[in-house]
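Pasted below: data_24.pdb, PDB, C-alpha atoms and all ligand atoms.
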```pdb
ATOM      1  CA  MET J   1       9.819 -16.484  -0.285
ATOM      2  CA  ASP J   2       8.032 -19.518   1.109
ATOM      3  CA  ASP J   3       4.599 -20.573  -0.139
ATOM      4  CA  GLN J   4       2.895 -19.841   3.161
ATOM      5  CA  LEU J   5       4.039 -16.225   3.185
ATOM      6  CA  ARG J   6       3.109 -15.736  -0.480
ATOM      7  CA  GLN J   7      -0.329 -17.197   0.262
ATOM      8  CA  ARG J   8      -0.744 -14.828   3.203
ATOM      9  CA  ILE J   9       0.132 -11.826   1.035
ATOM     10  CA  GLU J  10      -2.248 -12.927  -1.693
ATOM     11  CA  GLU J  11      -5.024 -13.382   0.864
ATOM     12  CA  ILE J  12      -4.556  -9.815   2.086
ATOM     13  CA  LEU J  13      -4.508  -8.467  -1.475
ATOM     14  CA  GLY J  14      -7.529 -10.556  -2.429
ATOM     15  CA  SER J  15      -9.571  -9.363   0.548
ATOM     16  CA  HIS J  16      -9.304  -5.619  -0.061
ATOM     17  CA  LYS J  17      -9.486  -3.522  -3.211
ATOM     18  CA  ILE J  18      -6.955  -1.026  -1.923
ATOM     19  CA  VAL J  19      -4.183  -2.011   0.483
ATOM     20  CA  LEU J  20      -1.432   0.161   1.885
ATOM     21  CA  PHE J  21       1.526  -1.612   3.474
ATOM     22  CA  MET J  22       2.918   1.086   5.682
ATOM     23  CA  LYS J  23       4.826   2.006   8.813
ATOM     24  CA  GLY J  24       2.293   2.617  11.559
ATOM     25  CA  THR J  25      -1.448   2.927  11.173
ATOM     26  CA  LYS J  26      -3.897   5.149   9.333
ATOM     27  CA  SER J  27      -4.476   7.194  12.469
ATOM     28  CA  PHE J  28      -0.853   7.061  13.629
ATOM     29  CA  PRO J  29       1.621   6.762  10.742
ATOM     30  CA  GLN J  30       5.166   6.255  11.988
ATOM     31  CA  CYS J  31       6.963   7.596   8.952
ATOM     32  CA  GLY J  32       6.464  10.726   6.854
ATOM     33  CA  PHE J  33       6.329   8.765   3.585
ATOM     34  CA  SER J  34       3.539   6.563   4.905
ATOM     35  CA  ALA J  35       1.734   9.607   6.318
ATOM     36  CA  THR J  36       1.830  11.267   2.885
ATOM     37  CA  VAL J  37       0.203   8.312   1.141
ATOM     38  CA  VAL J  38      -2.498   8.049   3.826
ATOM     39  CA  GLU J  39      -3.233  11.736   3.264
ATOM     40  CA  VAL J  40      -3.349  11.362  -0.512
ATOM     41  CA  LEU J  41      -5.699   8.363  -0.260
ATOM     42  CA  LYS J  42      -7.999  10.356   1.999
ATOM     43  CA  ARG J  43      -8.042  13.194  -0.521
ATOM     44  CA  VAL J  44      -9.286  10.866  -3.254
ATOM     45  CA  ASN J  45     -11.894   9.468  -0.839
ATOM     46  CA  ALA J  46     -10.440   5.999  -0.978
ATOM     47  CA  ASP J  47     -11.665   3.241   1.282
ATOM     48  CA  PHE J  48      -8.436   1.457   2.095
ATOM     49  CA  HIS J  49      -7.020  -1.251   4.298
ATOM     50  CA  THR J  50      -3.640  -0.775   5.945
ATOM     51  CA  VAL J  51      -1.055  -3.272   7.167
ATOM     52  CA  ASN J  52       1.519  -2.108   9.694
ATOM     53  CA  ILE J  53       4.723  -3.794   8.582
ATOM     54  CA  LEU J  54       6.545  -2.560  11.700
ATOM     55  CA  GLN J  55       4.607  -5.199  13.616
ATOM     56  CA  ASP J  56       5.431  -8.033  11.255
ATOM     57  CA  ALA J  57       9.036  -8.765  10.325
ATOM     58  CA  ASP J  58       8.038 -11.538   7.889
ATOM     59  CA  LEU J  59       5.766  -9.225   5.923
ATOM     60  CA  ARG J  60       8.316  -6.410   6.091
ATOM     61  CA  GLN J  61      10.780  -8.576   4.173
ATOM     62  CA  GLY J  62       8.129 -10.513   2.255
ATOM     63  CA  MET J  63       6.564  -7.444   0.651
ATOM     64  CA  LYS J  64       9.973  -6.243  -0.507
ATOM     65  CA  ASP J  65      10.452  -9.553  -2.308
ATOM     66  CA  TYR J  66       6.873  -9.790  -3.574
ATOM     67  CA  ALA J  67       6.871  -6.314  -5.108
ATOM     68  CA  SER J  68      10.589  -6.225  -5.920
ATOM     69  CA  TRP J  69      10.462  -2.855  -4.188
ATOM     70  CA  PRO J  70      12.801  -2.122  -1.298
ATOM     71  CA  THR J  71      10.839   0.376   0.771
ATOM     72  CA  PHE J  72       7.517   1.275   2.394
ATOM     73  CA  PRO J  73       4.883   2.506   1.883
ATOM     74  CA  GLN J  74       3.667   0.171  -0.850
ATOM     75  CA  LEU J  75       0.264   0.783  -2.388
ATOM     76  CA  TYR J  76      -1.723  -1.998  -4.063
ATOM     77  CA  VAL J  77      -4.923  -1.488  -6.018
ATOM     78  CA  ASP J  78      -6.875  -4.489  -7.283
ATOM     79  CA  GLY J  79      -3.994  -6.737  -6.282
ATOM     80  CA  ARG J  80      -1.461  -4.839  -8.347
ATOM     81  CA  PHE J  81       1.461  -2.855  -7.022
ATOM     82  CA  VAL J  82       1.036   0.837  -7.823
ATOM     83  CA  GLY J  83       4.079   2.378  -6.144
ATOM     84  CA  GLY J  84       5.585   4.040  -3.127
ATOM     85  CA  CYS J  85       5.236   7.568  -1.832
ATOM     86  CA  ASP J  86       6.886   9.445  -4.721
ATOM     87  CA  ILE J  87       4.931   7.584  -7.405
ATOM     88  CA  VAL J  88       1.589   7.842  -5.607
ATOM     89  CA  ARG J  89       2.063  11.550  -4.917
ATOM     90  CA  ASP J  90       3.035  12.203  -8.552
ATOM     91  CA  MET J  91       0.013  10.239  -9.757
ATOM     92  CA  TYR J  92      -2.254  12.221  -7.447
ATOM     93  CA  GLU J  93      -0.831  15.533  -8.628
ATOM     94  CA  GLY J  94      -1.142  14.428 -12.261
ATOM     95  CA  GLY J  95      -4.780  13.403 -11.776
ATOM     96  CA  GLU J  96      -4.035   9.734 -12.470
ATOM     97  CA  LEU J  97      -4.764   8.313  -9.032
ATOM     98  CA  GLN J  98      -8.416   9.321  -8.715
ATOM     99  CA  PRO J  99      -9.624   7.288 -11.738
ATOM    100  CA  ILE J 100      -7.714   4.203 -10.633
ATOM    101  CA  VAL J 101      -9.240   4.412  -7.154
ATOM    102  CA  ASP J 102     -12.715   5.137  -8.517
ATOM    103  CA  LYS J 103     -12.513   2.171 -10.889
ATOM    104  CA  ALA J 104     -11.323  -0.195  -8.141
ATOM    105  CA  LEU J 105     -14.135   0.919  -5.851
ATOM    106  CA  GLY J 106     -16.755   0.669  -8.586
ATOM    107  CA  ARG J 107     -17.296   4.416  -8.740
ATOM    108  CA  ALA J 108     -16.133   4.910 -12.306
TER     109      ALA J 108
HETATM  110  N1  LIG C 201      11.262   7.192  -2.049
HETATM  111  C1  LIG C 201      10.510   6.245  -1.248
HETATM  112  C2  LIG C 201      10.610   6.658   0.193
HETATM  113  C3  LIG C 201      10.250   5.537   1.153
HETATM  114  C4  LIG C 201      11.450   5.093   1.971
HETATM  115  O1  LIG C 201      12.591   5.514   1.711
HETATM  116  N2  LIG C 201      11.183   4.222   2.950
HETATM  117  C5  LIG C 201      12.255   3.681   3.761
HETATM  118  C6  LIG C 201      12.349   4.439   5.073
HETATM  119  S1  LIG C 201      10.801   4.664   5.897
HETATM  120  C7  LIG C 201      12.013   2.192   3.994
HETATM  121  O2  LIG C 201      10.899   1.705   3.920
HETATM  122  N3  LIG C 201      13.106   1.422   4.201
HETATM  123  C8  LIG C 201      13.038  -0.016   4.311
HETATM  124  C9  LIG C 201      12.633  -0.526   5.648
HETATM  125  O3  LIG C 201      12.516   0.266   6.607
HETATM  126  O4  LIG C 201      12.395  -1.745   5.762
HETATM  127  C10 LIG C 201       9.044   6.235  -1.721
HETATM  128  O5  LIG C 201       8.749   6.920  -2.695
HETATM  129  O6  LIG C 201       8.213   5.540  -1.134
END
```
Can you present the structure in this file as structure tokens?
Amino acid sequence: MDDQLRQRIEEILGSHKIVLFMKGTKSFPQCGFSATVVEVLKRVNADFHTVNILQDADLRQGMKDYASWPTFPQLYVDGRFVGGCDIVRDMYEGGELQPIVDKALGRA
């Protein structure tokens, strides 16, 4: 990945505590996996920023390389990759997501 793209990704991650790289938008997800993570984040009352990778081919490939993760959605909290849909849903069901979100948002 070139430096400019890496810098762009790091700027996005540095500007928001919780970032979801997804297909579509919060109000109009264009994939069921992305829709599930949006729903889960709403349930834990997360304030989160979304990036629609369907509108950005560079980021669509760049995030796969950056995270070493081949699919979307990709959830980042405090700049760190948390997981995709299956992981985030499992963490929510296991009660592990809420404390991570609360800590990132200064609610812990
Ligand atoms: N098991 C994955 C499901 C996500 C998935 O399979 N996403 C696919 C289809 S939406 C994807 O992003 N493929 C790569 C691409 O479209 O660039 C998860 O837990 O997030």
Worksheet item: When you draw a straight line from atom CA of J:Arg60 to atom CA of J:Lys23, how long is it in Å?
Response: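 Between atom CA of J:Arg60 and atom CA of J:Lys23 the gap works out to 9.5 Å.
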The PyMOL selection byres (((chain J and resi 46) around 10) and not hetatm) on the file shown: which residues, as a tab-separated table (two decimals) with C-alpha atoms, in the frame of the given file?
```
chain	number	residue	atom	x	y	z
J	17	LYS	CA	-9.49	-3.52	-3.21
J	18	ILE	CA	-6.96	-1.03	-1.92
J	38	VAL	CA	-2.50	8.05	3.83
J	40	VAL	CA	-3.35	11.36	-0.51
J	41	LEU	CA	-5.70	8.36	-0.26
J	42	LYS	CA	-8.00	10.36	2.00
J	43	ARG	CA	-8.04	13.19	-0.52
J	44	VAL	CA	-9.29	10.87	-3.25
J	45	ASN	CA	-11.89	9.47	-0.84
J	47	ASP	CA	-11.66	3.24	1.28
J	48	PHE	CA	-8.44	1.46	2.10
J	49	HIS	CA	-7.02	-1.25	4.30
J	98	GLN	CA	-8.42	9.32	-8.72
J	101	VAL	CA	-9.24	4.41	-7.15
J	102	ASP	CA	-12.72	5.14	-8.52
J	104	ALA	CA	-11.32	-0.20	-8.14
J	105	LEU	CA	-14.14	0.92	-5.85
```
Item to complete: May I ask for the distance between atom O1 of ligand LIG 201 (chain C) and atom CA of J:Arg89, given in Å to one decimal place?
Response: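 Straight-line distance from atom O1 of ligand LIG 201 (chain C) to atom CA of J:Arg89 works out to 13.8 Å.
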Could you name the residues that touch J:Asp65 at 12 Å or less, counting all atoms listed in the file, but leaving out those on the same chain fewer than 2 positions away, as a PDB file with C-alpha atoms, keeping the file's coordinate frame?
```
ATOM      1  CA  MET J   1       9.819 -16.484  -0.285  1.00  0.00           C
ATOM      2  CA  ASP J   2       8.032 -19.518   1.109  1.00  0.00           C
ATOM      3  CA  LEU J   5       4.039 -16.225   3.185  1.00  0.00           C
ATOM      4  CA  ARG J   6       3.109 -15.736  -0.480  1.00  0.00           C
ATOM      5  CA  ILE J   9       0.132 -11.826   1.035  1.00  0.00           C
ATOM      6  CA  ASP J  58       8.038 -11.538   7.889  1.00  0.00           C
ATOM      7  CA  LEU J  59       5.766  -9.225   5.923  1.00  0.00           C
ATOM      8  CA  ARG J  60       8.316  -6.410   6.091  1.00  0.00           C
ATOM      9  CA  GLN J  61      10.780  -8.576   4.173  1.00  0.00           C
ATOM     10  CA  GLY J  62       8.129 -10.513   2.255  1.00  0.00           C
ATOM     11  CA  MET J  63       6.564  -7.444   0.651  1.00  0.00           C
ATOM     12  CA  ALA J  67       6.871  -6.314  -5.108  1.00  0.00           C
ATOM     13  CA  SER J  68      10.589  -6.225  -5.920  1.00  0.00           C
ATOM     14  CA  TRP J  69      10.462  -2.855  -4.188  1.00  0.00           C
ATOM     15  CA  PRO J  70      12.801  -2.122  -1.298  1.00  0.00           C
ATOM     16  CA  THR J  71      10.839   0.376   0.771  1.00  0.00           C
ATOM     17  CA  GLN J  74       3.667   0.171  -0.850  1.00  0.00           C
TER      18      GLN J  74
END
```
Worksheet item: Evaluating the PyMOL selection byres (((chain J and resi 88) around 10) and not hetatm) on the displayed file yields which residues, as a list in words?
Response: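 Taken on the displayed file, the PyMOL selection byres (((chain J and resi 88) around 10) and not hetatm) yields the residues Thr36, Val37, Val40, Leu41, Pro73, Gln74, Leu75, Val82, Gly83, Gly84, Cys85, Asp86, Ile87, Arg89, Asp90, Met91, Tyr92, Glu93, Gly94, Glu96 and Leu97 of chain J.
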Just say which residues the PyMOL selection byres (((chain J and resi 54) around 8) and not hetatm) picks in this file, as an mmCIF file with C-alpha atoms, in the frame of the given file.
```cif
data_model
loop_
_atom_site.group_PDB
_atom_site.id
_atom_site.type_symbol
_atom_site.label_atom_id
_atom_site.label_comp_id
_atom_site.auth_asym_id
_atom_site.auth_seq_id
_atom_site.Cartn_x
_atom_site.Cartn_y
_atom_site.Cartn_z
ATOM 1 C CA MET J 22 2.918 1.086 5.682
ATOM 2 C CA LYS J 23 4.826 2.006 8.813
ATOM 3 C CA GLY J 24 2.293 2.617 11.559
ATOM 4 C CA ASN J 52 1.519 -2.108 9.694
ATOM 5 C CA ILE J 53 4.723 -3.794 8.582
ATOM 6 C CA GLN J 55 4.607 -5.199 13.616
ATOM 7 C CA ASP J 56 5.431 -8.033 11.255
ATOM 8 C CA ALA J 57 9.036 -8.765 10.325
ATOM 9 C CA ARG J 60 8.316 -6.410 6.091
#
```
Worksheet item: Hey, can you check how far atom CA of J:Pro99 sits from atom CA of J:Leu13?
Response: 19.5 Å
Item to complete: Return the single residue from J:Ser27, J:Ser15, J:Gln7, J:Ser34 that is closest to ligand LIG 201 (chain C), with distances computed using only C-alpha atoms and all ligand atoms.
Response: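 When distances to ligand LIG 201 (chain C) are compared using only C-alpha atoms and all ligand atoms, the smallest one comes from J:Ser34.
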Step by step, gather every atom of ligand LIG 201 (chain C) that the file lists, find the box along x, y and z that holds them, add 4 Å on each side, and finally give centre and edge lengths in Å to one decimal, as JSON.
```
{"center_x": 10.7, "center_y": 2.7, "center_z": 2.0, "size_x": 12.9, "size_y": 16.9, "size_z": 17.3}
```
Worksheet entry | Nearest candidate to ligand LIG 201 (chain C) (options J:Val77, J:Thr50, J:Gly95, J:Leu20; using all atoms listed in the file) |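 With all atoms listed in the file as the atom set, the closest residue is J:Leu20.
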Response to the item:
With distances taken over only C-alpha atoms and all ligand atoms, the candidate from J:Lys64, J:His16, J:Lys26, J:Arg8 nearest ligand LIG 201 (chain C) is J:Lys64
Worksheet item: Nearest to ligand LIG 201 (chain C) among J:Phe33, J:Tyr76, J:Val51, J:Tyr66, with distances taken over only C-alpha atoms and all ligand atoms: which residue is it?
Response: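 Using only C-alpha atoms and all ligand atoms, the shortest distance to ligand LIG 201 (chain C) belongs to J:Phe33.
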Worksheet item: Given the choices J:Gly79, J:Phe28, J:Ile100, J:Phe21, which gets closest to ligand LIG 201 (chain C) if the distance is worked out from all atoms listed in the file?
Response: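 Result for the nearest residue to ligand LIG 201 (chain C): J:Phe21.
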Discussion item. Using all atoms listed in the file for the distances, tell me which of J:Gln30, J:Glu39, J:Asp78, J:Lys103 is nearest to ligand LIG 201 (chain C).
Written reply: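 Among the listed residues, J:Gln30 lies closest to ligand LIG 201 (chain C).
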Subset file as a short mmCIF file (atom, residue, chain, number, x, y, z; two decimals), in the first residue's frame: stretch 54-77 of chain J, N, CA, C and O atoms:
```
data_model
loop_
_atom_site.label_atom_id
_atom_site.label_comp_id
_atom_site.auth_asym_id
_atom_site.auth_seq_id
_atom_site.Cartn_x
_atom_site.Cartn_y
_atom_site.Cartn_z
N LEU J 54 -17.99 1.16 -0.79
CA LEU J 54 -18.51 0.96 -2.15
C LEU J 54 -18.27 2.19 -3.01
O LEU J 54 -18.29 2.12 -4.24
N GLN J 55 -18.04 3.33 -2.35
CA GLN J 55 -17.81 4.56 -3.10
C GLN J 55 -16.34 4.90 -3.24
O GLN J 55 -15.99 5.99 -3.65
N ASP J 56 -15.48 3.99 -2.83
CA ASP J 56 -14.05 4.28 -2.82
C ASP J 56 -13.24 3.01 -3.06
O ASP J 56 -12.96 2.26 -2.12
N ALA J 57 -12.89 2.78 -4.30
CA ALA J 57 -12.19 1.54 -4.67
C ALA J 57 -10.82 1.44 -3.99
O ALA J 57 -10.38 0.34 -3.62
N ASP J 58 -10.15 2.59 -3.81
CA ASP J 58 -8.83 2.56 -3.16
C ASP J 58 -8.96 2.08 -1.71
O ASP J 58 -8.19 1.24 -1.24
N LEU J 59 -9.93 2.64 -1.02
CA LEU J 59 -10.13 2.23 0.39
C LEU J 59 -10.63 0.79 0.47
O LEU J 59 -10.29 0.06 1.41
N ARG J 60 -11.44 0.39 -0.49
CA ARG J 60 -11.97 -0.98 -0.47
C ARG J 60 -10.82 -1.98 -0.49
O ARG J 60 -10.82 -2.95 0.25
N GLN J 61 -9.81 -1.73 -1.32
CA GLN J 61 -8.64 -2.61 -1.34
C GLN J 61 -7.70 -2.28 -0.17
O GLN J 61 -7.17 -3.17 0.48
N GLY J 62 -7.54 -0.98 0.08
CA GLY J 62 -6.59 -0.54 1.11
C GLY J 62 -6.92 -1.09 2.49
O GLY J 62 -6.02 -1.50 3.23
N MET J 63 -8.18 -1.12 2.85
CA MET J 63 -8.55 -1.61 4.18
C MET J 63 -8.33 -3.11 4.30
O MET J 63 -8.03 -3.62 5.38
N LYS J 64 -8.47 -3.82 3.18
CA LYS J 64 -8.18 -5.26 3.22
C LYS J 64 -6.71 -5.48 3.54
O LYS J 64 -6.36 -6.36 4.33
N ASP J 65 -5.85 -4.67 2.94
CA ASP J 65 -4.41 -4.80 3.18
C ASP J 65 -4.05 -4.32 4.58
O ASP J 65 -3.28 -4.96 5.29
N TYR J 66 -4.62 -3.19 4.97
CA TYR J 66 -4.29 -2.58 6.27
C TYR J 66 -4.64 -3.51 7.42
O TYR J 66 -3.87 -3.68 8.36
N ALA J 67 -5.82 -4.12 7.34
CA ALA J 67 -6.29 -4.98 8.43
C ALA J 67 -5.86 -6.44 8.24
O ALA J 67 -6.03 -7.25 9.15
N SER J 68 -5.33 -6.75 7.05
CA SER J 68 -5.13 -8.16 6.68
C SER J 68 -6.43 -8.93 6.91
O SER J 68 -6.46 -10.00 7.53
N TRP J 69 -7.50 -8.36 6.40
CA TRP J 69 -8.84 -8.95 6.57
C TRP J 69 -9.56 -8.75 5.24
O TRP J 69 -9.64 -7.63 4.73
N PRO J 70 -10.07 -9.84 4.67
CA PRO J 70 -10.50 -9.76 3.27
C PRO J 70 -11.90 -9.23 2.99
O PRO J 70 -12.30 -9.13 1.83
N THR J 71 -12.66 -8.94 4.04
CA THR J 71 -14.07 -8.60 3.81
C THR J 71 -14.51 -7.36 4.61
O THR J 71 -13.81 -6.89 5.49
N PHE J 72 -15.73 -6.92 4.29
CA PHE J 72 -16.39 -5.83 5.03
C PHE J 72 -17.71 -6.37 5.57
O PHE J 72 -18.29 -7.26 4.97
N PRO J 73 -18.15 -5.87 6.69
CA PRO J 73 -17.67 -4.71 7.44
C PRO J 73 -16.36 -4.97 8.20
O PRO J 73 -16.00 -6.11 8.46
N GLN J 74 -15.71 -3.85 8.54
CA GLN J 74 -14.55 -3.88 9.43
C GLN J 74 -14.76 -2.82 10.50
O GLN J 74 -14.93 -1.64 10.20
N LEU J 75 -14.73 -3.26 11.75
CA LEU J 75 -14.93 -2.33 12.86
C LEU J 75 -13.60 -2.01 13.54
O LEU J 75 -12.84 -2.92 13.87
N TYR J 76 -13.37 -0.71 13.74
CA TYR J 76 -12.18 -0.23 14.45
C TYR J 76 -12.61 0.56 15.68
O TYR J 76 -13.50 1.41 15.59
N VAL J 77 -11.98 0.25 16.80
CA VAL J 77 -12.22 1.02 18.02
C VAL J 77 -10.86 1.51 18.53
O VAL J 77 -9.93 0.69 18.67
#
```
